file final_26.pdb (PDB, C-alpha atoms)
ATOM      1  CA  MET A   1      28.357 -39.304  21.791
ATOM      2  CA  VAL A   2      27.639 -37.189  18.724
ATOM      3  CA  GLY A   3      24.938 -34.622  19.336
ATOM      4  CA  ILE A   4      21.868 -34.341  17.110
ATOM      5  CA  PRO A   5      20.806 -30.833  15.981
ATOM      6  CA  VAL A   6      18.034 -29.550  18.204
ATOM      7  CA  THR A   7      15.840 -28.580  15.270
ATOM      8  CA  HIS A   8      15.765 -32.186  14.145
ATOM      9  CA  THR A   9      14.551 -33.522  17.487
ATOM     10  CA  LEU A  10      12.208 -30.927  18.981
ATOM     11  CA  ILE A  11      10.045 -29.895  16.015
ATOM     12  CA  PRO A  12       8.013 -32.592  14.200
ATOM     13  CA  THR A  13       8.163 -32.447  10.404
ATOM     14  CA  LYS A  14       4.497 -31.478   9.951
ATOM     15  CA  HIS A  15       4.942 -28.578  12.387
ATOM     16  CA  LYS A  16       8.058 -27.427  10.560
ATOM     17  CA  LYS A  17       6.027 -27.203   7.358
ATOM     18  CA  MET A  18       3.296 -25.199   9.107
ATOM     19  CA  ILE A  19       5.837 -22.795  10.607
ATOM     20  CA  SER A  20       7.633 -22.496   7.273
ATOM     21  CA  GLY A  21       4.390 -21.671   5.455
ATOM     22  CA  ARG A  22       3.429 -18.938   7.922
ATOM     23  CA  SER A  23       6.941 -17.513   7.979
ATOM     24  CA  ASN A  24       7.207 -17.426   4.207
ATOM     25  CA  GLY A  25       3.938 -15.503   3.926
ATOM     26  CA  SER A  26       4.994 -13.000   6.591
ATOM     27  CA  LEU A  27       8.412 -12.526   5.021
ATOM     28  CA  ARG A  28       6.899 -12.102   1.566
ATOM     29  CA  LEU A  29       4.630  -9.396   2.994
ATOM     30  CA  MET A  30       7.711  -7.649   4.392
ATOM     31  CA  GLN A  31       9.239  -7.856   0.928
ATOM     32  CA  LEU A  32       6.152  -6.317  -0.706
ATOM     33  CA  CYS A  33       6.082  -3.507   1.875
ATOM     34  CA  SER A  34       9.810  -2.827   2.030
ATOM     35  CA  PRO A  35      11.142   0.680   1.249
ATOM     36  CA  MET A  36      13.678  -1.209  -0.886
ATOM     37  CA  LEU A  37      10.932  -2.403  -3.244
ATOM     38  CA  PRO A  38      12.141  -1.030  -6.598
ATOM     39  CA  VAL A  39       8.949   0.730  -7.684
ATOM     40  CA  GLY A  40       9.877   4.356  -6.954
ATOM     41  CA  ALA A  41       7.202   5.115  -4.333
ATOM     42  CA  TYR A  42       9.632   7.467  -2.578
ATOM     43  CA  ALA A  43       9.240   9.927  -5.473
ATOM     44  CA  TYR A  44       5.578  10.643  -4.685
ATOM     45  CA  SER A  45       3.900  12.584  -1.864
ATOM     46  CA  GLN A  46       0.257  12.180  -2.986
ATOM     47  CA  GLY A  47      -0.561  15.848  -2.537
ATOM     48  CA  LEU A  48       1.346  16.303   0.717
ATOM     49  CA  GLU A  49       3.939  18.566  -0.910
ATOM     50  CA  PHE A  50       1.259  21.081  -1.897
ATOM     51  CA  ALA A  51      -0.396  20.745   1.527
ATOM     52  CA  VAL A  52       2.918  21.718   3.149
ATOM     53  CA  SER A  53       3.645  24.583   0.740
ATOM     54  CA  SER A  54       0.163  26.002   1.303
ATOM     55  CA  GLY A  55       0.447  25.774   5.100
ATOM     56  CA  TRP A  56      -2.210  23.092   5.566
ATOM     57  CA  VAL A  57       0.466  20.835   7.052
ATOM     58  CA  ASN A  58       3.188  22.635   9.024
ATOM     59  CA  ASP A  59       4.070  20.640  12.157
ATOM     60  CA  ASP A  60       3.814  17.232  13.771
ATOM     61  CA  ARG A  61       0.157  17.653  14.779
ATOM     62  CA  SER A  62      -1.034  18.673  11.333
ATOM     63  CA  THR A  63       1.057  15.876   9.801
ATOM     64  CA  SER A  64      -0.695  13.371  12.062
ATOM     65  CA  LEU A  65      -4.077  14.808  11.108
ATOM     66  CA  TRP A  66      -3.202  14.539   7.406
ATOM     67  CA  VAL A  67      -1.982  10.944   7.622
ATOM     68  CA  GLU A  68      -4.667   9.662   9.973
ATOM     69  CA  GLY A  69      -7.386  11.591   8.144
ATOM     70  CA  LEU A  70      -6.512   9.982   4.825
ATOM     71  CA  LEU A  71      -6.283   6.565   6.445
ATOM     72  CA  GLU A  72      -9.775   6.987   7.869
ATOM     73  CA  ASN A  73     -11.549   8.745   5.001
ATOM     74  CA  SER A  74      -9.789   7.396   1.935
ATOM     75  CA  LEU A  75      -7.852   4.175   2.377
ATOM     76  CA  THR A  76     -10.370   2.605   4.761
ATOM     77  CA  TYR A  77     -13.237   3.091   2.332
ATOM     78  CA  LEU A  78     -11.430   2.561  -0.969
ATOM     79  CA  ASP A  79      -8.057   0.816  -0.865
ATOM     80  CA  VAL A  80      -8.771  -1.770   1.835
ATOM     81  CA  PRO A  81     -12.086  -3.064   0.442
ATOM     82  CA  LEU A  82     -10.646  -3.118  -3.075
ATOM     83  CA  LEU A  83      -7.575  -4.997  -1.874
ATOM     84  CA  SER A  84      -9.955  -7.585  -0.429
ATOM     85  CA  ARG A  85     -11.927  -7.900  -3.664
ATOM     86  CA  LEU A  86      -8.827  -8.025  -5.843
ATOM     87  CA  HIS A  87      -7.187 -10.593  -3.563
ATOM     88  CA  LYS A  88     -10.268 -12.812  -3.834
ATOM     89  CA  ALA A  89     -10.480 -12.344  -7.600
ATOM     90  CA  TRP A  90      -6.817 -13.290  -8.107
ATOM     91  CA  SER A  91      -7.192 -16.282  -5.782
ATOM     92  CA  THR A  92     -10.219 -17.629  -7.677
ATOM     93  CA  GLY A  93      -8.968 -16.847 -11.171
ATOM     94  CA  ASP A  94     -11.748 -14.291 -11.745
ATOM     95  CA  ASN A  95      -9.967 -12.060 -14.262
ATOM     96  CA  GLU A  96     -13.145 -10.144 -15.079
ATOM     97  CA  SER A  97     -13.448  -8.973 -11.476
ATOM     98  CA  VAL A  98      -9.736  -8.099 -11.382
ATOM     99  CA  LEU A  99     -10.222  -5.782 -14.351
ATOM    100  CA  TYR A 100     -13.449  -4.321 -12.943
ATOM    101  CA  TRP A 101     -11.997  -3.391  -9.548
ATOM    102  CA  ASN A 102      -8.740  -2.176 -11.084
ATOM    103  CA  ASP A 103     -10.670   0.211 -13.333
ATOM    104  CA  PHE A 104     -12.861   1.269 -10.393
ATOM    105  CA  LEU A 105      -9.757   2.232  -8.439
ATOM    106  CA  TYR A 106      -8.120   4.020 -11.370
ATOM    107  CA  ALA A 107     -11.285   6.083 -11.918
ATOM    108  CA  SER A 108     -11.281   6.990  -8.223
ATOM    109  CA  ARG A 109      -7.877   8.693  -8.458
ATOM    110  CA  ASP A 110      -9.114  12.199  -9.179
ATOM    111  CA  SER A 111      -6.021  13.962 -10.501
ATOM    112  CA  ARG A 112      -3.658  13.321 -13.371
ATOM    113  CA  GLU A 113      -0.712  12.976 -10.999
ATOM    114  CA  LEU A 114      -2.437  10.367  -8.851
ATOM    115  CA  ARG A 115      -3.366   8.323 -11.918
ATOM    116  CA  GLU A 116       0.159   8.584 -13.308
ATOM    117  CA  GLU A 117       1.514   7.468  -9.950
ATOM    118  CA  GLU A 118      -0.749   4.414  -9.964
ATOM    119  CA  LYS A 119       0.361   3.480 -13.473
ATOM    120  CA  GLN A 120       4.088   3.975 -12.908
ATOM    121  CA  LEU A 121       4.145   2.053  -9.625
ATOM    122  CA  ALA A 122       1.985  -0.712 -11.081
ATOM    123  CA  HIS A 123       4.208  -1.171 -14.122
ATOM    124  CA  ALA A 124       7.307  -1.295 -11.919
ATOM    125  CA  LEU A 125       5.736  -3.855  -9.561
ATOM    126  CA  ALA A 126       4.457  -5.926 -12.497
ATOM    127  CA  ARG A 127       7.989  -6.071 -13.879
ATOM    128  CA  LEU A 128       9.383  -7.116 -10.492
ATOM    129  CA  LEU A 129       6.731  -9.777  -9.868
ATOM    130  CA  ASP A 130       7.286 -11.174 -13.342
ATOM    131  CA  ASP A 131      11.021 -11.366 -12.658
ATOM    132  CA  LEU A 132      10.213 -13.184  -9.399
ATOM    133  CA  GLY A 133       8.132 -15.754 -11.288
ATOM    134  CA  VAL A 134       4.636 -14.620 -10.309
ATOM    135  CA  PRO A 135       2.188 -15.750 -13.036
ATOM    136  CA  GLY A 136      -0.121 -13.121 -14.493
ATOM    137  CA  ALA A 137       2.075 -10.117 -13.708
ATOM    138  CA  VAL A 138       3.627  -9.658 -17.145
ATOM    139  CA  GLU A 139       0.296  -8.788 -18.820
ATOM    140  CA  TRP A 140       0.007  -5.675 -16.644
ATOM    141  CA  ARG A 141       3.287  -4.129 -17.734
ATOM    142  CA  GLY A 142       1.576  -2.508 -20.705
ATOM    143  CA  ASN A 143      -1.840  -1.784 -19.190
ATOM    144  CA  SER A 144      -2.444   1.964 -19.470
ATOM    145  CA  GLN A 145      -4.762   1.992 -16.431
ATOM    146  CA  ALA A 146      -2.927  -0.456 -14.196
ATOM    147  CA  CYS A 147      -3.053   0.250 -10.450
ATOM    148  CA  PHE A 148      -0.385  -0.529  -7.877
ATOM    149  CA  LEU A 149      -2.937  -2.115  -5.546
ATOM    150  CA  THR A 150      -3.891  -4.584  -8.276
ATOM    151  CA  LEU A 151      -0.323  -5.869  -8.520
ATOM    152  CA  PHE A 152       0.168  -5.734  -4.744
ATOM    153  CA  SER A 153      -2.888  -7.941  -4.291
ATOM    154  CA  LEU A 154      -1.601 -10.310  -6.981
ATOM    155  CA  GLY A 155       1.617 -10.793  -5.031
ATOM    156  CA  ALA A 156      -0.305 -11.249  -1.784
ATOM    157  CA  SER A 157      -2.610 -13.811  -3.375
ATOM    158  CA  TYR A 158       0.192 -15.745  -5.069
ATOM    159  CA  TRP A 159       2.251 -15.920  -1.874
ATOM    160  CA  LYS A 160      -0.873 -16.840   0.142
ATOM    161  CA  ILE A 161      -0.691 -13.832   2.431
ATOM    162  CA  PRO A 162      -4.051 -13.540   4.268
ATOM    163  CA  VAL A 163      -6.001 -10.499   3.142
ATOM    164  CA  GLU A 164      -6.137  -9.015   6.656
ATOM    165  CA  GLU A 165      -2.358  -9.161   7.018
ATOM    166  CA  ALA A 166      -1.888  -7.839   3.489
ATOM    167  CA  SER A 167      -4.147  -4.892   4.371
ATOM    168  CA  TRP A 168      -2.145  -4.135   7.525
ATOM    169  CA  GLY A 169       1.038  -4.156   5.476
ATOM    170  CA  TYR A 170      -0.414  -1.980   2.737
ATOM    171  CA  LEU A 171      -1.636   0.697   5.157
ATOM    172  CA  TRP A 172       1.666   0.624   7.030
ATOM    173  CA  MET A 173       3.617   1.008   3.782
ATOM    174  CA  TRP A 174       1.439   3.936   2.692
ATOM    175  CA  ALA A 175       1.711   5.682   6.074
ATOM    176  CA  GLU A 176       5.456   5.167   6.266
ATOM    177  CA  ASN A 177       5.916   6.739   2.842
ATOM    178  CA  GLN A 178       3.788   9.745   3.841
ATOM    179  CA  VAL A 179       5.765  10.255   7.045
ATOM    180  CA  LEU A 180       9.071   9.965   5.182
ATOM    181  CA  ALA A 181       7.844  12.669   2.811
ATOM    182  CA  ALA A 182       6.760  14.838   5.754
ATOM    183  CA  ILE A 183      10.178  14.478   7.398
ATOM    184  CA  LYS A 184      11.683  16.087   4.300
ATOM    185  CA  LEU A 185       8.973  18.641   3.597
ATOM    186  CA  VAL A 186       7.694  20.029   6.931
ATOM    187  CA  PRO A 187      10.426  19.206   8.091
ATOM    188  CA  LEU A 188      10.120  16.774  10.975
ATOM    189  CA  GLY A 189      12.771  14.990  12.987
ATOM    190  CA  GLN A 190      13.227  11.234  12.727
ATOM    191  CA  THR A 191      11.996  10.705  16.301
ATOM    192  CA  MET A 192       8.831  12.689  15.661
ATOM    193  CA  GLY A 193       8.265  10.648  12.523
ATOM    194  CA  GLN A 194       8.446   7.478  14.607
ATOM    195  CA  LYS A 195       5.971   8.917  17.125
ATOM    196  CA  ILE A 196       3.493   9.571  14.323
ATOM    197  CA  LEU A 197       3.972   6.051  12.985
ATOM    198  CA  SER A 198       3.468   4.657  16.498
ATOM    199  CA  SER A 199       0.074   6.384  16.586
ATOM    200  CA  VAL A 200      -0.726   4.988  13.156
ATOM    201  CA  ILE A 201       0.029   1.451  14.352
ATOM    202  CA  GLU A 202      -2.695   1.824  16.981
ATOM    203  CA  ILE A 203      -5.422   2.614  14.434
ATOM    204  CA  ILE A 204      -4.506   0.366  11.487
ATOM    205  CA  PRO A 205      -6.250  -2.812  12.799
ATOM    206  CA  GLU A 206      -9.520  -0.928  13.313
ATOM    207  CA  ARG A 207      -9.287   0.721   9.881
ATOM    208  CA  VAL A 208      -8.652  -2.635   8.234
ATOM    209  CA  ALA A 209     -11.556  -4.272  10.081
ATOM    210  CA  THR A 210     -13.887  -1.511   8.894
ATOM    211  CA  GLY A 211     -12.647  -1.645   5.314
ATOM    212  CA  LEU A 212     -12.980  -5.410   5.067
ATOM    213  CA  SER A 213     -16.588  -5.268   6.321
ATOM    214  CA  LEU A 214     -17.881  -2.875   3.644
ATOM    215  CA  ARG A 215     -20.473  -3.832   1.050
ATOM    216  CA  ASP A 216     -19.901  -2.914  -2.586
ATOM    217  CA  GLU A 217     -22.247   0.074  -2.408
ATOM    218  CA  GLU A 218     -20.292   1.489   0.559
ATOM    219  CA  VAL A 219     -16.941   1.550  -1.244
ATOM    220  CA  GLY A 220     -15.772   5.000  -2.344
ATOM    221  CA  TYR A 221     -13.243   7.812  -2.129
ATOM    222  CA  THR A 222     -14.035  10.512   0.449
ATOM    223  CA  ALA A 223     -10.975  12.772   0.651
ATOM    224  CA  PRO A 224     -11.488  15.643  -1.819
ATOM    225  CA  GLY A 225      -8.801  17.739  -0.114
ATOM    226  CA  GLN A 226      -6.124  15.325  -1.256
ATOM    227  CA  GLY A 227      -7.451  15.438  -4.812
ATOM    228  CA  ILE A 228      -7.383  19.233  -4.791
ATOM    229  CA  ALA A 229      -3.859  19.288  -3.358
ATOM    230  CA  SER A 230      -2.636  16.824  -5.958
ATOM    231  CA  ALA A 231      -4.273  18.715  -8.823
ATOM    232  CA  LEU A 232      -2.769  22.027  -7.688
ATOM    233  CA  HIS A 233       0.614  20.354  -7.249
ATOM    234  CA  GLU A 234       0.699  19.829 -11.032
ATOM    235  CA  THR A 235       1.450  23.545 -11.498
ATOM    236  CA  GLN A 236       3.429  24.137  -8.299
ATOM    237  CA  TYR A 237       6.513  26.219  -9.071
ATOM    238  CA  THR A 238       9.116  24.185  -7.163
ATOM    239  CA  ARG A 239       8.702  20.492  -6.416
ATOM    240  CA  LEU A 240      10.656  17.690  -4.787
ATOM    241  CA  PHE A 241       8.026  15.041  -5.488
ATOM    242  CA  ARG A 242       6.128  13.880  -8.565
ATOM    243  CA  SER A 243       2.705  14.126  -6.914
TER     244      SER A 243
END

call {"tool": "encode", "arguments": {"input": "final_26.pdb", "output": "structure tokens"}}
result
Amino acid sequence: MVGIPVTHTLIPTKHKKMISGRSNGSLRLMQLCSPMLPVGAYAYSQGLEFAVSSGWVNDDRSTSLWVEGLLENSLTYLDVPLLSRLHKAWSTGDNESVLYWNDFLYASRDSRELREEEKQLAHALARLLDDLGVPGAVEWRGNSQACFLTLFSLGASYWKIPVEEASWGYLWMWAENQVLAAIKLVPLGQTMGQKILSSVIEIIPERVATGLSLRDEEVGYTAPGQGIASALHETQYTRLFRS
């Protein structure tokens, strides 16, 4: 007797479609957050290079304080709530709100390097999303104030990634990039880097929950130390990173 493939007999068609939809969204989120994403994020430290050169960050403990401090005081109160608003605006076709929150974020990046980073990453992601067939991405390739988060949220909206999951992925991607920079700069060992990221995993859900609950008047950037570090990095004598 010829056997029938198990997948054809155990999983009803409607359930296959549900599983496929969830899996596709999760896999697309992995794609958006992958270190292989060709946007050049690895070239930026977001002020960490100056923090290391000045002695603010010099070991695993101070690296953890830097990463977790920015997650709590900056990304929780700025990036996460704006990701939520941008995701909703893309999903409902509200282009006016997309532009408003994009400009709000760009104005919140308080050094030239941080604004240049936003623009360069955004243009690279817009080009990639356009190549992948995501509608609306191509118009952002020439926007002089485009933000990476705006294009990230476009991808998340188009691929129907829930905003909570998209926020987890975004914070993880940011933290991973900071730790990778710290491994080179402090320097830290790979195992210590993983220990720091393990601690980050424990706090990301709470940070996302807080960020998604904020009202418009509560949204804002509250990490002046990073802005100072990034601004001073512009004239740092030797540099590995672009911010």

call {"tool": "closest_residue", "arguments": {"input": "final_26.pdb", "among": "A:Cys33, A:Ala51, A:Met192, A:Cys147", "to": "A:Lys119", "atoms": "all atoms listed in the file"}}
result
A:Cys147

call {"tool": "closest_atom_pairs", "arguments": {"input": "final_26.pdb", "of": "stretch 50-155 of chain A", "to": "stretch 219-224 of chain A", "cutoff": "12 Å", "atoms": "all atoms listed in the file", "output": "tab-separated table"}}
result
residue	atom	partner	partner_atom	distance
A:Trp66	CA	A:Ala223	CA	10.4
A:Val67	CA	A:Ala223	CA	11.5
A:Glu68	CA	A:Ala223	CA	11.7
A:Gly69	CA	A:Ala223	CA	8.4
A:Leu70	CA	A:Ala223	CA	6.7
A:Leu71	CA	A:Ala223	CA	9.7
A:Glu72	CA	A:Thr222	CA	9.3
A:Asn73	CA	A:Thr222	CA	5.5
A:Ser74	CA	A:Tyr221	CA	5.3
A:Leu75	CA	A:Tyr221	CA	7.9
A:Thr76	CA	A:Val219	CA	9.0
A:Tyr77	CA	A:Val219	CA	5.4
A:Leu78	CA	A:Gly220	CA	5.2
A:Asp79	CA	A:Tyr221	CA	8.8
A:Val80	CA	A:Val219	CA	9.3
A:Pro81	CA	A:Val219	CA	6.9
A:Leu82	CA	A:Val219	CA	8.0
A:Leu83	CA	A:Val219	CA	11.4
A:Ser84	CA	A:Val219	CA	11.5
A:Arg85	CA	A:Val219	CA	11.0
A:Trp101	CA	A:Val219	CA	10.9
A:Phe104	CA	A:Gly220	CA	9.3
A:Leu105	CA	A:Gly220	CA	9.0
A:Tyr106	CA	A:Tyr221	CA	11.2
A:Ala107	CA	A:Tyr221	CA	10.1
A:Ser108	CA	A:Tyr221	CA	6.5
A:Arg109	CA	A:Tyr221	CA	8.3
A:Asp110	CA	A:Pro224	CA	8.5
A:Ser111	CA	A:Pro224	CA	10.4

call {"tool": "residues_near_point", "arguments": {"input": "final_26.pdb", "point": "(5.8, 5.0, 11.8)", "cutoff": "9 Å", "atoms": "all atoms listed in the file", "output": "list in words"}}
result
Trp172, Ala175, Glu176, Val179, Leu180, Gly193, Gln194, Lys195, Ile196, Leu197, Ser198, Ser199, Val200 and Ile201 of chain A

call {"tool": "atom_distance", "arguments": {"input": "final_26.pdb", "atom1": "atom CA of A:Glu117", "atom2": "atom CA of A:Ser153"}}
result
17.0 Å

call {"tool": "closest_residue", "arguments": {"input": "final_26.pdb", "among": "A:Asn95, A:Gln226, A:Ser144, A:Ser157", "to": "A:Arg28", "atoms": "all atoms listed in the file"}}
result
A:Ser157

call {"tool": "decode", "arguments": {"input": "final_26.pdb", "residues": "stretch 113-130 of chain A", "atoms": "N, CA and C atoms", "output": "PDB file, in the first residue's frame"}}
result
ATOM      1  N   GLU A 113      25.303  63.287  13.272  1.00  0.00           N
ATOM      2  CA  GLU A 113      25.603  61.885  12.966  1.00  0.00           C
ATOM      3  C   GLU A 113      24.373  60.990  13.117  1.00  0.00           C
ATOM      4  N   LEU A 114      23.589  61.212  14.148  1.00  0.00           N
ATOM      5  CA  LEU A 114      22.401  60.389  14.345  1.00  0.00           C
ATOM      6  C   LEU A 114      21.377  60.621  13.241  1.00  0.00           C
ATOM      7  N   ARG A 115      21.263  61.860  12.783  1.00  0.00           N
ATOM      8  CA  ARG A 115      20.328  62.140  11.682  1.00  0.00           C
ATOM      9  C   ARG A 115      20.835  61.547  10.373  1.00  0.00           C
ATOM     10  N   GLU A 116      22.144  61.642  10.140  1.00  0.00           N
ATOM     11  CA  GLU A 116      22.705  61.032   8.935  1.00  0.00           C
ATOM     12  C   GLU A 116      22.538  59.517   8.949  1.00  0.00           C
ATOM     13  N   GLU A 117      22.695  58.931  10.121  1.00  0.00           N
ATOM     14  CA  GLU A 117      22.497  57.485  10.249  1.00  0.00           C
ATOM     15  C   GLU A 117      21.066  57.106   9.880  1.00  0.00           C
ATOM     16  N   GLU A 118      20.096  57.844  10.445  1.00  0.00           N
ATOM     17  CA  GLU A 118      18.698  57.575  10.114  1.00  0.00           C
ATOM     18  C   GLU A 118      18.483  57.610   8.603  1.00  0.00           C
ATOM     19  N   LYS A 119      18.992  58.660   7.974  1.00  0.00           N
ATOM     20  CA  LYS A 119      18.754  58.850   6.538  1.00  0.00           C
ATOM     21  C   LYS A 119      19.402  57.754   5.709  1.00  0.00           C
ATOM     22  N   GLN A 120      20.661  57.427   6.025  1.00  0.00           N
ATOM     23  CA  GLN A 120      21.364  56.411   5.235  1.00  0.00           C
ATOM     24  C   GLN A 120      20.720  55.029   5.381  1.00  0.00           C
ATOM     25  N   LEU A 121      20.377  54.657   6.604  1.00  0.00           N
ATOM     26  CA  LEU A 121      19.736  53.362   6.824  1.00  0.00           C
ATOM     27  C   LEU A 121      18.355  53.319   6.177  1.00  0.00           C
ATOM     28  N   ALA A 122      17.620  54.425   6.279  1.00  0.00           N
ATOM     29  CA  ALA A 122      16.286  54.477   5.688  1.00  0.00           C
ATOM     30  C   ALA A 122      16.342  54.344   4.178  1.00  0.00           C
ATOM     31  N   HIS A 123      17.262  55.044   3.542  1.00  0.00           N
ATOM     32  CA  HIS A 123      17.370  54.964   2.085  1.00  0.00           C
ATOM     33  C   HIS A 123      17.739  53.548   1.646  1.00  0.00           C
ATOM     34  N   ALA A 124      18.641  52.914   2.405  1.00  0.00           N
ATOM     35  CA  ALA A 124      19.045  51.548   2.060  1.00  0.00           C
ATOM     36  C   ALA A 124      17.877  50.578   2.236  1.00  0.00           C
ATOM     37  N   LEU A 125      17.099  50.731   3.320  1.00  0.00           N
ATOM     38  CA  LEU A 125      15.966  49.838   3.536  1.00  0.00           C
ATOM     39  C   LEU A 125      14.854  50.108   2.525  1.00  0.00           C
ATOM     40  N   ALA A 126      14.662  51.378   2.162  1.00  0.00           N
ATOM     41  CA  ALA A 126      13.657  51.703   1.140  1.00  0.00           C
ATOM     42  C   ALA A 126      14.002  51.034  -0.179  1.00  0.00           C
ATOM     43  N   ARG A 127      15.271  51.058  -0.536  1.00  0.00           N
ATOM     44  CA  ARG A 127      15.714  50.414  -1.779  1.00  0.00           C
ATOM     45  C   ARG A 127      15.464  48.906  -1.718  1.00  0.00           C
ATOM     46  N   LEU A 128      15.782  48.291  -0.577  1.00  0.00           N
ATOM     47  CA  LEU A 128      15.584  46.853  -0.433  1.00  0.00           C
ATOM     48  C   LEU A 128      14.103  46.491  -0.488  1.00  0.00           C
ATOM     49  N   LEU A 129      13.269  47.222   0.262  1.00  0.00           N
ATOM     50  CA  LEU A 129      11.843  46.920   0.275  1.00  0.00           C
ATOM     51  C   LEU A 129      11.231  47.098  -1.109  1.00  0.00           C
ATOM     52  N   ASP A 130      11.674  48.119  -1.820  1.00  0.00           N
ATOM     53  CA  ASP A 130      11.193  48.314  -3.184  1.00  0.00           C
ATOM     54  C   ASP A 130      11.573  47.126  -4.062  1.00  0.00           C
TER      55      ASP A 130
END
